[in-house]
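K.L.:
A single structure is presented below for examination.
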Amino acid sequence: MSEGNSLINLGDLSKPANTLIEKISEAIGGIFKPWQTRRVAKADADAEQIKAISKIEMTELEQRALQRFMYEEEKKQSNIESITCQSLPQLNEGAKPEKIEDDWITNFFDKCRLVSDEEMQGIWARILASEANTPGRFSKRTVNFMESLGKHDAQLFTKLCAFNWILGEIQPLIYDLNADIYIKNGINFSILKHLDAIGLISFESLAGYKRHGFAQKTVAVYKNAPFVLKFPKESDNEINIGKVLLTSIGKELASICAPETIAGFDQYVIEEWKKKGIDVNNITSPAKPSPNDE
C-alpha cells in the first residue's frame with residue numbers, strides 16, 4: 001500500500017492524535033511515520049524485483065502464494081489504518097497515549113487487523129481511543145476477548161446496555177423479564193443466557209442480586225439524568241439490582257457502549273425502587289419533603 005493511499009492524513013492533527021500515531025508507529029513498525037515514504041519506495045522496488053525474479057525462478061503456484069500474501073497484508077494494513085483513523089476524533093485534549101504500554105498496542109493490533117466490518121471497527125476504535133484517554137482502562141484480557149466477539153453478539157450486548165444505570169458503577173437493571181419494557185426492547189431469557197455463556201454477564205434467573213452498603217442518600221444516573229435515592233436507614237442500606245451482573249470484561253466494554261435511551265425505563269426502575277421503600281427524586285427538580293423531614 002503506497003502512502004498516497006493511506007487512510008490517515010498526518011496534516012492538522014491534534015497533539016494527542018499525533019502522539020497516538022507516533023506511539024502506534026513505535027510499537028508496530030513505523031506504520032504512519034513521515035519516513036514511511038522511503039519505506040514504501042523500498043517496498044515498491046522490492047516488489048518489482050520479486051516480479052522480475054518470479055518470471056524466471058518462481059513456479060505459478062509460488063507466484064499465486066506471493067500475490068495472496070501481498071493482498072492479505074494490504075487488507076490488514078487498511079484495517080489497522082481505518083481503526084486508528086476512527087479513534088482520533090474521540091481523543092480528549094487531556095489524553096495520554098504516550099502512557100499506553102507498547103505490548104498493549106502490539107497485542108491490540110494483532111487482534112484487530114483482520115476486522116474489516118465497519119461496525120466492529122467502530123468498537124475497536126472506541127477501545128483504542130478510551131485506552132489513549134485513560135491508559136490502563138482496557139485489559140489485554142478484554143482485547144483478546146474482542147477477537148472472538150461476533151457482530152451479532154456485540155449487537156445483543158449493546159441492546160442490554162440500554163438498560164444500564166450508574167450506581168457507583170455500571171449496572172444493568174433487569175428485574176421482571178415478563179415486563180413489557182424488556183419484551184418490547186428485545187431482552188429475554190435466551191439472550192441473557194447467551195451473554196452469560198460467552199462471558200459478558202452473570203445471569204441469575206431466580207434469586208437475582210443485591211448490593212449492600214449504601215448511605216442514606218445515594219445518586220443514581222440513567223443516561224446522564226441523575227436521581228437521588230433516599231433509603232430508610234442512615235447507613236448500610238441494600239438495593240435489589242435485578243438478575244444481571246456485568247463481568248469484568250462486560251464492565252470494560254459497557255463503558256464504550258452508546259445505546260439509545262429507552263423511553264419510560266427510568267420511571268419503571270423508580271417504581272421498582274419505591275416498592276422497596278426507597279424514595280426517589282430527580283436531582284434537577286425540587287425534592288418533595290417527606291414526613292420525616294418536617
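Letters A, B, ... go to the chains of the C-alpha cells in the order shown; residues in each chain start at 1; ligands are counted from 1 in the same order.
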Select from region 147-204 of chain A every residue with an atom at most 12 Å from any atom of region 129-141 of chain A, then for each give the shortest pair of atoms and their distance in Å to one decimal, using only C-alpha atoms, rows by chain and rising number, as JSON lines.
P.N.:
```
{"residue": "A:Glu147", "atom": "CA", "partner": "A:Arg141", "partner_atom": "CA", "distance": 10.2}
{"residue": "A:Ser148", "atom": "CA", "partner": "A:Arg141", "partner_atom": "CA", "distance": 11.6}
{"residue": "A:Gly199", "atom": "CA", "partner": "A:Arg141", "partner_atom": "CA", "distance": 11.5}
```
K.L.:
Limited to N, CA, C and O atoms, could you put the picked residues into a file as an mmCIF file, in the first residue's frame?
P.N.:
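Full text of part-v1.cif as output:
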```cif
data_model
loop_
_atom_site.group_PDB
_atom_site.id
_atom_site.type_symbol
_atom_site.label_atom_id
_atom_site.label_comp_id
_atom_site.auth_asym_id
_atom_site.auth_seq_id
_atom_site.Cartn_x
_atom_site.Cartn_y
_atom_site.Cartn_z
ATOM 1 N N GLU A 147 -11.448 -10.358 20.073
ATOM 2 C CA GLU A 147 -11.087 -11.071 18.848
ATOM 3 C C GLU A 147 -12.133 -12.116 18.487
ATOM 4 O O GLU A 147 -12.391 -12.379 17.312
ATOM 5 N N SER A 148 -12.779 -12.711 19.513
ATOM 6 C CA SER A 148 -13.763 -13.771 19.269
ATOM 7 C C SER A 148 -15.203 -13.271 19.300
ATOM 8 O O SER A 148 -16.135 -14.047 19.083
ATOM 9 N N GLY A 199 -19.473 -14.934 28.440
ATOM 10 C CA GLY A 199 -18.615 -14.292 29.422
ATOM 11 C C GLY A 199 -18.781 -12.805 29.631
ATOM 12 O O GLY A 199 -17.936 -12.171 30.273
#
```
K.L.:
Quick one: everything within 10 Å of Leu88 (chain A), counting only C-alpha atoms, minus sequence neighbours fewer than 2 positions away in the same chain. Send it as a list of chain:residue names.
P.N.:
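Residues near the query, excluding close chain neighbours: A:Ile8, A:Leu13, A:Ser14, A:Pro16, A:Ala17, A:Asn18, A:Leu20, A:Ile21, A:Ile83, A:Thr84, A:Cys85, A:Gln86, A:Gln90, A:Leu91, A:Asn92, A:Ala125, A:Arg126, A:Leu128, A:Ala129, A:Ala132.
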K.L.:
With only C-alpha atoms as the basis for distance, which of A:Lys184, A:Arg211, A:His152, A:Lys23 is at the shortest distance from Leu167 (chain A)?
P.N.:
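Closest residue, counting only C-alpha atoms: A:Arg211.
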K.L.:
DSSP on the backbone, then: every residue of region 80-214 of chain A marked helix (DSSP H, G or I), written as a PyMOL selection string.
P.N.:
chain A and resi 80-90+97-99+102-112+118-133+140-148+151-161+180-183+189-197
K.L.:
Hey, can you spit out that residue selection with C-alpha atoms as a tab-separated table (two decimals), in the first residue's frame?
P.N.:
```
chain	number	residue	atom	x	y	z
A	80	ILE	CA	-5.23	-1.01	11.02
A	81	GLU	CA	-5.35	2.45	9.46
A	82	SER	CA	-9.14	2.57	9.42
A	83	ILE	CA	-9.44	1.70	13.12
A	84	THR	CA	-6.73	4.20	14.02
A	85	CYS	CA	-8.34	6.91	11.91
A	86	GLN	CA	-11.73	6.36	13.55
A	87	SER	CA	-10.20	6.60	17.01
A	88	LEU	CA	-8.54	10.01	16.51
A	89	PRO	CA	-11.66	12.25	16.76
A	90	GLN	CA	-12.56	10.51	20.03
A	97	PRO	CA	-1.45	7.97	24.55
A	98	GLU	CA	2.25	8.07	25.35
A	99	LYS	CA	1.47	6.13	28.53
A	102	ASP	CA	3.83	-0.96	23.81
A	103	ASP	CA	2.84	-4.57	24.48
A	104	TRP	CA	-0.80	-3.49	24.78
A	105	ILE	CA	-0.68	-1.74	21.39
A	106	THR	CA	1.09	-4.66	19.73
A	107	ASN	CA	-1.49	-7.08	21.10
A	108	PHE	CA	-4.37	-4.75	20.18
A	109	PHE	CA	-3.43	-4.52	16.51
A	110	ASP	CA	-2.57	-8.21	16.35
A	111	LYS	CA	-6.17	-8.94	17.36
A	112	CYS	CA	-7.98	-6.33	15.25
A	118	GLU	CA	-17.34	-1.18	9.69
A	119	GLU	CA	-19.48	-1.60	12.81
A	120	MET	CA	-16.92	-3.81	14.53
A	121	GLN	CA	-14.09	-1.47	13.52
A	122	GLY	CA	-16.03	1.27	15.30
A	123	ILE	CA	-15.97	-0.74	18.54
A	124	TRP	CA	-12.24	-1.38	18.23
A	125	ALA	CA	-11.69	2.33	17.56
A	126	ARG	CA	-13.60	3.29	20.71
A	127	ILE	CA	-11.47	0.88	22.74
A	128	LEU	CA	-8.28	2.39	21.33
A	129	ALA	CA	-9.45	5.95	21.98
A	130	SER	CA	-10.60	5.11	25.51
A	131	GLU	CA	-7.28	3.47	26.30
A	132	ALA	CA	-5.47	6.57	25.00
A	133	ASN	CA	-7.72	8.83	27.07
A	140	LYS	CA	-5.37	-7.40	27.49
A	141	ARG	CA	-7.95	-9.97	28.51
A	142	THR	CA	-10.75	-7.79	27.17
A	143	VAL	CA	-8.82	-7.09	23.95
A	144	ASN	CA	-8.26	-10.82	23.48
A	145	PHE	CA	-11.96	-11.46	24.14
A	146	MET	CA	-12.88	-8.95	21.45
A	147	GLU	CA	-11.09	-11.07	18.85
A	148	SER	CA	-13.76	-13.77	19.27
A	151	LYS	CA	-21.10	-8.77	15.32
A	152	HIS	CA	-24.39	-10.33	16.44
A	153	ASP	CA	-23.05	-10.82	19.97
A	154	ALA	CA	-21.90	-7.19	20.05
A	155	GLN	CA	-25.36	-6.05	18.97
A	156	LEU	CA	-27.03	-8.13	21.69
A	157	PHE	CA	-24.71	-6.72	24.34
A	158	THR	CA	-25.34	-3.16	23.13
A	159	LYS	CA	-29.07	-3.86	23.40
A	160	LEU	CA	-28.59	-4.93	27.02
A	161	CYS	CA	-26.53	-1.83	27.76
A	180	ASP	CA	-43.31	-5.06	28.62
A	181	ILE	CA	-40.31	-2.71	28.94
A	182	TYR	CA	-37.96	-5.68	28.41
A	183	ILE	CA	-40.06	-7.63	25.93
A	189	PHE	CA	-34.19	-15.25	28.89
A	190	SER	CA	-32.35	-16.83	25.95
A	191	ILE	CA	-30.40	-13.66	25.13
A	192	LEU	CA	-29.27	-13.26	28.73
A	193	LYS	CA	-28.27	-16.93	28.92
A	194	HIS	CA	-26.22	-16.47	25.75
A	195	LEU	CA	-24.45	-13.36	27.04
A	196	ASP	CA	-23.74	-15.27	30.24
A	197	ALA	CA	-22.32	-18.21	28.28
```
K.L.:
Closest to Ile198 (chain A) among A:Ile174, A:Lys210, A:Val244, A:Ile249, using only C-alpha atoms?
P.N.:
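Checking each candidate against Ile198 (chain A), we get A:Ile249 as the closest.
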K.L.:
Quote the spacing between CA of Ile239 (chain A) and CA of Asn164 (chain A) in Å to one decimal place.
P.N.:
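Computed distance, CA of Ile239 (chain A) to CA of Asn164 (chain A), equals 15.2 Å.
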K.L.:
Taking only region 31-257 of chain A into account, list the residues labelled strand (DSSP E) by DSSP (computed from the backbone), as a count of residues only.
P.N.:
36
